[in-house]
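Next comes work.cif, with mmCIF, C-alpha atoms.
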data_coords
loop_
_atom_site.label_atom_id
_atom_site.label_comp_id
_atom_site.auth_asym_id
_atom_site.auth_seq_id
_atom_site.Cartn_x
_atom_site.Cartn_y
_atom_site.Cartn_z
CA MET A 1 -154.51 -51.96 78.37
CA SER A 2 -151.84 -52.74 75.79
CA HIS A 3 -148.80 -54.81 76.62
CA ILE A 4 -146.54 -51.76 76.33
CA ALA A 5 -148.71 -49.83 78.82
CA THR A 6 -148.60 -52.82 81.19
CA THR A 7 -144.83 -52.89 80.83
CA ILE A 8 -144.42 -49.19 81.61
CA ALA A 9 -146.70 -49.50 84.63
CA ALA A 10 -144.82 -52.53 85.93
CA LEU A 11 -141.47 -50.80 85.40
CA LYS A 12 -142.58 -47.68 87.24
CA ASP A 13 -143.87 -49.88 90.02
CA SER A 14 -140.71 -51.85 90.74
CA LEU A 15 -137.85 -49.74 89.29
CA GLY A 16 -139.36 -46.25 89.44
CA ASP A 17 -136.10 -44.61 90.63
CA ALA A 18 -134.20 -45.73 87.52
CA ILE A 19 -136.59 -44.26 84.96
CA GLU A 20 -135.73 -40.79 83.69
CA GLN A 21 -138.23 -40.37 80.88
CA VAL A 22 -140.86 -42.27 78.88
CA SER A 23 -141.44 -41.12 75.34
CA GLU A 24 -143.65 -42.21 72.48
CA PHE A 25 -143.16 -41.42 68.82
CA ARG A 26 -145.24 -42.87 65.98
CA GLY A 27 -146.41 -45.83 68.03
CA GLU A 28 -142.94 -46.72 69.32
CA THR A 29 -142.29 -46.44 73.02
CA GLY A 30 -138.90 -45.68 74.53
CA VAL A 31 -137.81 -45.69 78.14
CA GLN A 32 -134.78 -43.65 79.16
CA VAL A 33 -133.13 -45.05 82.26
CA LYS A 34 -130.06 -44.30 84.38
CA LYS A 35 -127.02 -46.07 82.97
CA ALA A 36 -126.16 -47.79 86.26
CA ALA A 37 -129.61 -49.40 86.28
CA VAL A 38 -129.53 -50.78 82.73
CA PRO A 39 -128.75 -54.42 83.62
CA ALA A 40 -131.42 -54.43 86.33
CA VAL A 41 -134.04 -52.97 83.98
CA LEU A 42 -133.16 -55.44 81.23
CA ARG A 43 -133.28 -58.35 83.63
CA PHE A 44 -136.67 -57.23 84.94
CA LEU A 45 -138.09 -56.90 81.42
CA LYS A 46 -136.68 -60.26 80.40
CA GLU A 47 -137.49 -62.39 83.41
CA SER A 48 -140.71 -60.96 84.78
CA PRO A 49 -143.37 -63.58 83.82
CA ASP A 50 -145.93 -61.00 82.58
CA LEU A 51 -143.54 -59.09 80.34
CA ARG A 52 -141.19 -61.65 78.71
CA TYR A 53 -139.02 -59.39 76.54
CA THR A 54 -136.79 -62.38 75.86
CA CYS A 55 -135.02 -61.12 72.72
CA LEU A 56 -132.42 -58.36 72.54
CA ALA A 57 -133.05 -57.45 68.90
CA ASN A 58 -130.42 -54.72 68.72
CA LEU A 59 -127.90 -52.85 70.82
CA THR A 60 -126.41 -49.76 69.31
CA ALA A 61 -125.38 -46.19 70.08
CA TYR A 62 -125.20 -42.74 68.56
CA ASP A 63 -123.19 -39.62 69.13
CA ASP A 64 -124.78 -36.22 69.78
CA TRP A 65 -121.50 -34.29 69.84
CA PRO A 66 -121.09 -31.43 70.75
CA GLN A 67 -124.10 -31.82 73.06
CA GLU A 68 -123.52 -33.29 76.51
CA PRO A 69 -124.11 -36.03 77.53
CA ARG A 70 -123.06 -36.92 74.02
CA PHE A 71 -123.59 -40.69 73.76
CA LYS A 72 -126.92 -42.50 73.76
CA VAL A 73 -126.93 -46.30 74.02
CA ILE A 74 -130.05 -48.04 72.75
CA TYR A 75 -131.33 -51.49 73.67
CA GLN A 76 -134.14 -52.71 71.40
CA LEU A 77 -136.13 -55.45 73.13
CA ARG A 78 -138.77 -57.74 71.69
CA ASN A 79 -141.45 -59.96 73.16
CA MET A 80 -141.50 -62.88 70.74
CA LEU A 81 -145.01 -64.13 71.71
CA LEU A 82 -147.19 -61.08 71.04
CA PRO A 83 -145.00 -59.54 69.49
CA ALA A 84 -144.22 -56.26 71.25
CA ASP A 85 -141.22 -53.96 70.93
CA LEU A 86 -139.73 -51.71 73.58
CA ARG A 87 -136.73 -49.40 73.39
CA VAL A 88 -134.55 -48.86 76.43
CA LYS A 89 -132.12 -45.97 76.23
CA CYS A 90 -129.41 -44.53 78.46
CA THR A 91 -127.09 -41.55 78.17
CA VAL A 92 -123.32 -41.65 78.62
CA ALA A 93 -121.17 -38.57 79.13
CA GLY A 94 -118.14 -37.97 76.90
CA ASP A 95 -115.71 -37.52 79.80
CA ASP A 96 -116.93 -40.69 81.54
CA PRO A 97 -117.50 -43.29 78.77
CA TYR A 98 -118.19 -46.19 81.13
CA LEU A 99 -121.43 -48.13 81.55
CA PRO A 100 -122.33 -51.58 82.90
CA SER A 101 -122.36 -54.46 80.45
CA ALA A 102 -125.60 -56.27 79.57
CA THR A 103 -123.84 -59.56 78.80
CA GLY A 104 -124.99 -60.98 82.14
CA VAL A 105 -128.62 -60.67 80.99
CA PHE A 106 -128.46 -61.22 77.22
CA LEU A 107 -125.59 -63.35 75.86
CA ASN A 108 -125.84 -61.77 72.41
CA ALA A 109 -125.00 -58.37 73.89
CA ASN A 110 -121.39 -59.57 73.82
CA TRP A 111 -120.63 -58.81 70.15
CA HIS A 112 -122.99 -55.79 70.02
CA GLU A 113 -121.10 -54.20 72.88
CA ARG A 114 -117.78 -54.96 71.22
CA GLU A 115 -119.04 -53.13 68.12
CA VAL A 116 -120.20 -50.13 70.16
CA PHE A 117 -116.80 -50.10 71.87
CA ASP A 118 -115.03 -50.34 68.51
CA MET A 119 -117.02 -47.57 66.84
CA PHE A 120 -117.73 -45.18 69.76
CA GLY A 121 -115.13 -46.05 72.40
CA LEU A 122 -117.65 -46.75 75.15
CA ARG A 123 -116.26 -49.06 77.84
CA PHE A 124 -118.68 -51.71 79.10
CA THR A 125 -117.58 -52.67 82.60
CA GLY A 126 -117.99 -56.37 83.30
CA HIS A 127 -117.76 -57.37 79.64
CA PRO A 128 -115.83 -60.69 79.40
CA ASP A 129 -113.77 -59.82 76.28
CA LEU A 130 -113.95 -56.15 75.31
CA ARG A 131 -111.80 -55.73 72.19
CA ARG A 132 -112.29 -54.44 68.65
CA ILE A 133 -114.57 -56.49 66.41
CA LEU A 134 -114.61 -54.66 63.03
CA MET A 135 -111.52 -52.47 62.78
CA PRO A 136 -107.95 -53.85 62.78
CA ALA A 137 -106.61 -54.53 66.27
CA ASP A 138 -103.99 -51.77 66.05
CA TRP A 139 -106.45 -49.08 64.90
CA GLN A 140 -106.25 -45.65 66.54
CA GLY A 141 -109.47 -43.90 67.55
CA HIS A 142 -113.15 -44.75 67.17
CA PRO A 143 -114.49 -43.93 63.69
CA LEU A 144 -118.20 -43.32 64.34
CA ARG A 145 -117.52 -40.53 66.82
CA LYS A 146 -118.67 -37.25 65.31
CA ASP A 147 -115.31 -35.59 66.01
CA TYR A 148 -113.39 -38.31 64.10
CA PRO A 149 -111.94 -37.10 60.75
CA LEU A 150 -114.15 -38.04 57.78
CA GLY A 151 -111.55 -39.12 55.24
CA TYR A 152 -107.78 -39.43 55.04
CA GLU A 153 -107.20 -38.06 51.55
CA GLU A 154 -108.03 -34.59 50.29
CA VAL A 155 -110.40 -34.50 47.31
CA GLU A 156 -108.37 -34.12 44.14
CA PHE A 157 -108.91 -31.20 41.71
CA THR A 158 -106.71 -29.77 38.96
CA PHE A 159 -105.32 -27.05 41.25
CA ASN A 160 -104.11 -29.41 44.00
CA PHE A 161 -103.22 -32.44 41.86
CA ASP A 162 -99.45 -32.02 42.18
CA GLU A 163 -99.60 -31.44 45.92
CA ILE A 164 -101.58 -34.66 46.54
CA GLU A 165 -99.43 -36.59 44.06
CA LYS A 166 -96.33 -35.67 46.09
CA LYS A 167 -97.80 -37.06 49.32
CA LYS A 168 -99.39 -40.21 47.88
CA PRO A 169 -97.63 -43.37 49.10
CA TYR A 170 -97.21 -45.48 45.96
CA ALA A 171 -96.42 -49.16 46.49
CA LYS A 172 -93.10 -50.66 45.41
CA GLU A 173 -92.62 -53.96 43.55
CA MET B 1 -98.72 -72.84 7.19
CA GLY B 2 -99.23 -70.29 4.44
CA LEU B 3 -96.07 -68.52 5.53
CA GLU B 4 -93.72 -71.14 4.08
CA GLN B 5 -95.31 -70.97 0.64
CA LYS B 6 -94.85 -67.22 0.53
CA MET B 7 -91.25 -67.36 1.70
CA GLY B 8 -90.16 -69.93 -0.84
CA ASP B 9 -87.98 -72.76 0.54
CA MET B 10 -86.31 -70.78 3.33
CA GLY B 11 -88.33 -72.49 6.06
CA VAL B 12 -87.10 -70.09 8.75
CA VAL B 13 -88.75 -67.09 10.47
CA THR B 14 -86.47 -64.72 12.32
CA THR B 15 -87.55 -62.58 15.24
CA THR B 16 -86.03 -61.15 18.38
CA LEU B 17 -86.15 -63.04 21.64
CA GLU B 18 -87.89 -60.09 23.27
CA GLN B 19 -90.69 -60.15 20.73
CA ALA B 20 -91.14 -63.92 20.94
CA VAL B 21 -91.27 -63.92 24.76
CA ASN B 22 -93.55 -60.89 24.95
CA TRP B 23 -95.87 -62.45 22.37
CA GLY B 24 -96.24 -65.49 24.61
CA ARG B 25 -96.62 -63.50 27.79
CA ALA B 26 -99.22 -61.10 26.38
CA ASN B 27 -101.44 -63.72 24.78
CA ALA B 28 -101.64 -66.33 27.54
CA MET B 29 -102.11 -64.20 30.61
CA TRP B 30 -104.13 -65.88 33.31
CA PRO B 31 -106.02 -63.61 35.73
CA MET B 32 -106.52 -64.49 39.36
CA LEU B 33 -110.03 -65.54 40.37
CA PHE B 34 -111.13 -63.04 42.98
CA GLY B 35 -113.44 -60.05 43.21
CA LEU B 36 -113.83 -57.58 46.06
CA ALA B 37 -117.09 -55.79 45.26
CA CYS B 38 -119.62 -54.93 42.53
CA CYS B 39 -116.93 -54.55 39.82
CA ALA B 40 -116.46 -58.32 40.10
CA ILE B 41 -119.89 -58.79 38.50
CA GLU B 42 -118.73 -56.88 35.42
CA MET B 43 -115.49 -58.87 35.44
CA ILE B 44 -117.54 -62.09 35.44
CA ALA B 45 -119.64 -60.68 32.58
CA THR B 46 -116.43 -60.04 30.65
CA VAL B 47 -115.50 -63.71 30.84
CA MET B 48 -118.98 -64.89 29.83
CA PRO B 49 -119.77 -65.78 26.15
CA ASN B 50 -121.22 -62.39 25.14
CA ASN B 51 -117.86 -60.71 25.57
CA ASP B 52 -115.61 -63.78 25.70
CA LEU B 53 -112.31 -62.86 27.32
CA SER B 54 -110.77 -66.07 25.91
CA ARG B 55 -110.25 -64.20 22.63
CA PHE B 56 -107.29 -62.61 24.41
CA GLY B 57 -105.99 -65.81 26.00
CA MET B 58 -107.47 -64.98 29.40
CA GLU B 59 -110.32 -67.44 29.75
CA LEU B 60 -108.61 -69.28 32.58
CA MET B 61 -109.30 -67.58 35.90
CA ARG B 62 -106.88 -69.27 38.28
CA ALA B 63 -108.00 -69.69 41.87
CA SER B 64 -104.39 -69.85 43.06
CA PRO B 65 -102.00 -66.88 43.00
CA ARG B 66 -99.13 -69.28 42.17
CA GLN B 67 -100.66 -70.01 38.78
CA SER B 68 -101.79 -66.53 37.78
CA ASP B 69 -100.01 -63.68 36.00
CA LEU B 70 -102.58 -60.93 36.27
CA MET B 71 -104.34 -59.50 39.29
CA ILE B 72 -107.57 -57.67 38.42
CA VAL B 73 -108.45 -55.70 41.55
CA ALA B 74 -112.21 -55.51 41.01
CA GLY B 75 -113.75 -53.36 43.74
CA ARG B 76 -112.89 -51.19 46.70
CA VAL B 77 -110.08 -52.37 48.94
CA SER B 78 -110.81 -51.88 52.63
CA ARG B 79 -107.96 -51.18 55.02
CA LYS B 80 -108.53 -54.59 56.55
CA MET B 81 -108.34 -56.28 53.13
CA ALA B 82 -105.21 -54.39 52.02
CA PRO B 83 -102.67 -56.73 53.71
CA VAL B 84 -104.44 -59.72 52.14
CA VAL B 85 -104.26 -58.18 48.64
CA ARG B 86 -100.56 -57.42 49.15
CA ARG B 87 -99.93 -60.97 50.33
CA LEU B 88 -101.69 -62.43 47.27
CA TYR B 89 -99.60 -60.17 45.06
CA ASP B 90 -96.41 -61.35 46.76
CA GLN B 91 -97.45 -64.97 46.26
CA MET B 92 -97.84 -64.54 42.50
CA ALA B 93 -94.90 -65.75 40.44
CA SER B 94 -93.03 -63.17 38.37
CA PRO B 95 -93.72 -61.78 35.75
CA LYS B 96 -96.97 -60.35 37.12
CA TRP B 97 -99.22 -57.42 36.32
CA VAL B 98 -102.02 -55.56 38.10
CA ILE B 99 -105.13 -53.90 36.67
CA ALA B 100 -107.01 -51.53 38.99
CA MET B 101 -110.58 -52.01 37.78
CA GLY B 102 -113.06 -49.24 38.52
CA ASP B 103 -112.93 -45.94 40.37
CA CYS B 104 -112.69 -47.45 43.86
CA ALA B 105 -109.62 -49.53 43.11
CA SER B 106 -108.04 -46.65 41.16
CA CYS B 107 -108.52 -43.77 43.61
CA GLY B 108 -111.02 -44.68 46.33
CA GLY B 109 -114.01 -43.55 44.24
CA VAL B 110 -116.89 -42.20 46.28
CA PHE B 111 -115.55 -43.81 49.46
CA ASN B 112 -113.24 -41.15 50.83
CA ASN B 113 -113.41 -42.41 54.41
CA TYR B 114 -111.47 -44.16 57.13
CA ALA B 115 -112.28 -47.69 55.97
CA ILE B 116 -111.26 -47.70 52.28
CA VAL B 117 -107.74 -47.51 50.82
CA GLN B 118 -107.59 -44.49 48.49
CA GLY B 119 -106.44 -46.43 45.44
CA VAL B 120 -104.94 -49.90 45.44
CA ASP B 121 -101.69 -48.36 44.15
CA GLU B 122 -100.91 -47.62 47.80
CA VAL B 123 -100.65 -51.38 48.30
CA VAL B 124 -99.51 -52.96 45.01
CA PRO B 125 -97.90 -51.41 41.89
CA VAL B 126 -100.61 -50.91 39.26
CA ASP B 127 -99.99 -51.17 35.49
CA VAL B 128 -103.35 -50.15 34.05
CA TYR B 129 -106.21 -48.16 35.58
CA VAL B 130 -109.73 -48.73 34.21
CA ALA B 131 -112.19 -45.90 34.91
CA GLY B 132 -115.91 -46.45 35.48
CA CYS B 133 -118.31 -47.20 38.29
CA PRO B 134 -118.39 -50.03 37.46
CA PRO B 135 -116.65 -50.19 34.05
CA ARG B 136 -118.57 -51.99 31.32
CA PRO B 137 -116.98 -55.22 30.03
CA GLU B 138 -115.83 -53.30 26.95
CA ALA B 139 -113.90 -50.90 29.20
CA LEU B 140 -112.22 -53.78 31.03
CA MET B 141 -111.31 -55.39 27.71
CA HIS B 142 -109.85 -52.08 26.56
CA GLY B 143 -107.78 -52.05 29.74
CA ILE B 144 -106.61 -55.58 29.04
CA LEU B 145 -105.65 -54.71 25.45
CA THR B 146 -103.77 -51.69 26.78
CA LEU B 147 -101.91 -53.99 29.17
CA GLN B 148 -101.09 -56.35 26.28
CA GLN B 149 -99.61 -53.42 24.34
CA LYS B 150 -97.55 -52.53 27.40
CA VAL B 151 -96.30 -56.10 27.78
CA LYS B 152 -95.36 -56.31 24.09
CA GLN B 153 -93.13 -53.25 24.50
CA GLU B 154 -91.10 -54.67 27.37
CA THR B 155 -87.37 -55.14 26.87
CA PHE B 156 -84.58 -57.21 28.43
CA LYS B 157 -83.91 -54.30 30.73
CA ASP B 158 -87.46 -54.46 32.12
CA TRP B 159 -87.20 -58.19 32.80
CA ALA B 160 -84.03 -57.89 34.87
#

Rewritten as structure tokens:
Amino acid sequence: MSHIATTIAALKDSLGDAIEQVSEFRGETGVQVKKAAVPAVLRFLKESPDLRYTCLANLTAYDDWPQEPRFKVIYQLRNMLLPADLRVKCTVAGDDPYLPSATGVFLNANWHEREVFDMFGLRFTGHPDLRRILMPADWQGHPLRKDYPLGYEEVEFTFNFDEIEKKKPYAKE
Amino acid sequence: MGLEQKMGDMGVVTTTLEQAVNWGRANAMWPMLFGLACCAIEMIATVMPNNDLSRFGMELMRASPRQSDLMIVAGRVSRKMAPVVRRLYDQMASPKWVIAMGDCASCGGVFNNYAIVQGVDEVVPVDVYVAGCPPRPEALMHGILTLQQKVKQETFKDWA
């Protein structure tokens, strides 16, 4: 029995209610869990002596707009001894962009969650310092949302040159 | 100098103040030492011996805006970098000039998105635009020669 299979069995055993779906694609295993249970699942995977997924390799998100629930948050975990990789995933609805923070389990989730907040506008409840990390502090909106405008200047051709030239804010001395 | 022999025993050369000042300004213009992206590599190549920018009196890249006359914006300017570029420009002593090097600095280039300023002319006034992605050192030198021509045509009215 591989370590991943052991992990899935142990998860189903102790946190069976939280698991929504287990999927495998090209040798990579992903576990979709309820968003309220994410910290508990992460803590179990990290601290259970047989599993030891001690490294949060990545925490990111993507937007499935206009599908609902539109946001997926992904936690990529790694067992540093074997090594073994496991993906934990949860869905977040667009009209309720709140989910519990993982900073209590993995300290490095702090900046990852700030980036996800900055780019997707997901609010991590219980995060110690949830503010923008990449964009300027006074920025409006969250740029990696699929319904965010792509660019702020129209592409210039000969037929609309004058129109764009009129609107362009040239700097003064 | 050979000039005196040709002019007999006059010993005097007359010129206008504008021409004398512009001659000095155009031929000892010190660029500021900073690069924002890949265009900076071509800017560095321009200064290196193969192309030798010191032929135009520009071999001294000054690391301080107080000592430089020319700002070569080499690379795309992100919205977060824009206030910094403007501040550096404000810290430069007058007279000062700006070259927008490459497509990104001139008009945003391929990066028409939320993060990149669509042309550094939204932030600082640009004198010469150099096209290319990135421009070859020859293109940058052509831009610099164009700027020198522009400086040599300045008048008292422009200085005021």

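Within 10 Å of B:Pro95, once all atoms listed in the file are used and residues closer than 4 positions along the same chain are dropped, the contacting residues are Arg25, Ser68, Asp69, Leu70 and Trp159 of chain B.
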
Test item: chain B residues at most 6 Å from chain A, counting only C-alpha atoms, as number ranges by chain
B: 112-114, 121-125

Once the PyMOL selection byres ((chain B and resi 136) around 12) is applied to the coordinates I shared, what remains selected? I want it as number ranges by chain.
B: 38-46, 51, 101-102, 130-135, 137-143

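Compared by their closest atoms to B:Ala20, and using all atoms listed in the file, the residues B:Val151, B:Met58, B:Met48, B:Val73 rank with B:Val151 nearest.
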
Pick out the residues sitting within 8 Å of A:Leu56, and hand them over as a tab-separated table (two decimals) with C-alpha atoms, in the frame of the given file; count only C-alpha atoms, and ignore anything fewer than 6 positions along from it in its own chain.
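selection-v1.tsv, written as the output of this step:
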chain	number	residue	atom	x	y	z
A	75	TYR	CA	-131.33	-51.49	73.67
A	76	GLN	CA	-134.14	-52.71	71.40
A	77	LEU	CA	-136.13	-55.45	73.13
A	78	ARG	CA	-138.77	-57.74	71.69
A	106	PHE	CA	-128.46	-61.22	77.22
A	108	ASN	CA	-125.84	-61.77	72.41
A	109	ALA	CA	-125.00	-58.37	73.89

Name the residues that the PyMOL selection byres ((chain A and resi 131) around 9) pulls out of this structure, and write them as number ranges by chain.
A: 114-115, 117-118, 129-130, 132-133, 137

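Relative to atom CA of A:Arg123, atom CA of A:Phe44 is found at 23.1 Å.
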
For atom CA of B:Thr15 and atom CA of B:Gln149, determine how far apart the two atoms are, in Å to one decimal place.
17.7 Å

Result set, the PyMOL selection byres ((chain B and resi 153) around 12) on current file, as a ChimeraX atom specification
/B:18-23,25-26,146-152,154-159

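Pairwise distance (atom CA of A:Phe159, atom CA of B:Asp127) equals 25.4 Å.
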
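Across B:Gly108, B:Gly75, B:Pro65, B:Gly119, the tightest approach to B:Lys96 is made by B:Pro65 when counting all atoms listed in the file.
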
Kindly list the centre and edge lengths in Å, rounded to one decimal, for the axis-aligned box that covers all listed atoms of stretch 60-75 of chain A plus 8 Å on each of its six sides, as AutoDock Vina command-line options.
--center_x -126.2 --center_y -41.5 --center_z 73.0 --size_x 26.2 --size_y 36.1 --size_z 25.0

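Comparing B:Met32, B:Leu60, B:Val47, B:Val117 by their smallest distance to B:Ile99, the closest is B:Met32 (using all atoms listed in the file).
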
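Using all atoms listed in the file, the nearest neighbour of B:Met81 within the list B:Met29, B:Asn50, B:Gly24, B:Ala37 is B:Ala37.
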
Find the spatial neighbours of A:Pro69, counting only C-alpha atoms, within a cut-off of 8 Å - ignore same-chain residues fewer than 6 positions away - and output them as a compact mmCIF listing (two decimals) with C-alpha atoms, in the frame of the given file.
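Output file out33.txt follows:
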# COMPACT_ATOMS: atom_id res chain seq x y z
CA THR A 91 -127.09 -41.55 78.17
CA VAL A 92 -123.32 -41.65 78.62
CA ALA A 93 -121.17 -38.57 79.13
CA GLY A 94 -118.14 -37.97 76.90

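Residues near the point (-138.2, -62.1, 73.5), at a distance of 6 Å or less over all atoms listed in the file, make up Tyr53, Thr54, Cys55, Arg78, Asn79 and Met80 of chain A.
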
Hey, can you spit out that residue selection with C-alpha atoms as a PDB file, in the frame of the given file?
ATOM      1  CA  TYR A  53    -139.020 -59.390  76.540  1.00  0.00           C
ATOM      2  CA  THR A  54    -136.790 -62.380  75.860  1.00  0.00           C
ATOM      3  CA  CYS A  55    -135.020 -61.120  72.720  1.00  0.00           C
ATOM      4  CA  ARG A  78    -138.770 -57.740  71.690  1.00  0.00           C
ATOM      5  CA  ASN A  79    -141.450 -59.960  73.160  1.00  0.00           C
ATOM      6  CA  MET A  80    -141.500 -62.880  70.740  1.00  0.00           C
TER       7      MET A  80
END

Dump C-alpha atoms of stretch 130-147 of chain A from the given block, as a short mmCIF file (atom, residue, chain, number, x, y, z; two decimals), in the first residue's frame.
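As a result, part.cif now contains:
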data_model
loop_
_atom_site.label_atom_id
_atom_site.label_comp_id
_atom_site.auth_asym_id
_atom_site.auth_seq_id
_atom_site.Cartn_x
_atom_site.Cartn_y
_atom_site.Cartn_z
CA LEU A 130 -4.88 40.15 6.02
CA ARG A 131 -3.85 42.99 3.70
CA ARG A 132 -2.57 43.32 0.13
CA ILE A 133 0.89 41.93 -0.56
CA LEU A 134 1.55 42.59 -4.28
CA MET A 135 -0.71 45.40 -5.45
CA PRO A 136 -0.53 48.97 -4.07
CA ALA A 137 -2.45 49.40 -0.82
CA ASP A 138 -5.06 51.70 -2.39
CA TRP A 139 -5.80 49.37 -5.32
CA GLN A 140 -9.45 48.79 -6.27
CA GLY A 141 -10.60 45.25 -7.08
CA HIS A 142 -8.83 41.91 -7.33
CA PRO A 143 -7.02 41.46 -10.66
CA LEU A 144 -6.97 37.67 -11.09
CA ARG A 145 -10.76 37.38 -10.92
CA LYS A 146 -12.05 36.35 -14.32
CA ASP A 147 -14.56 39.22 -14.39
#
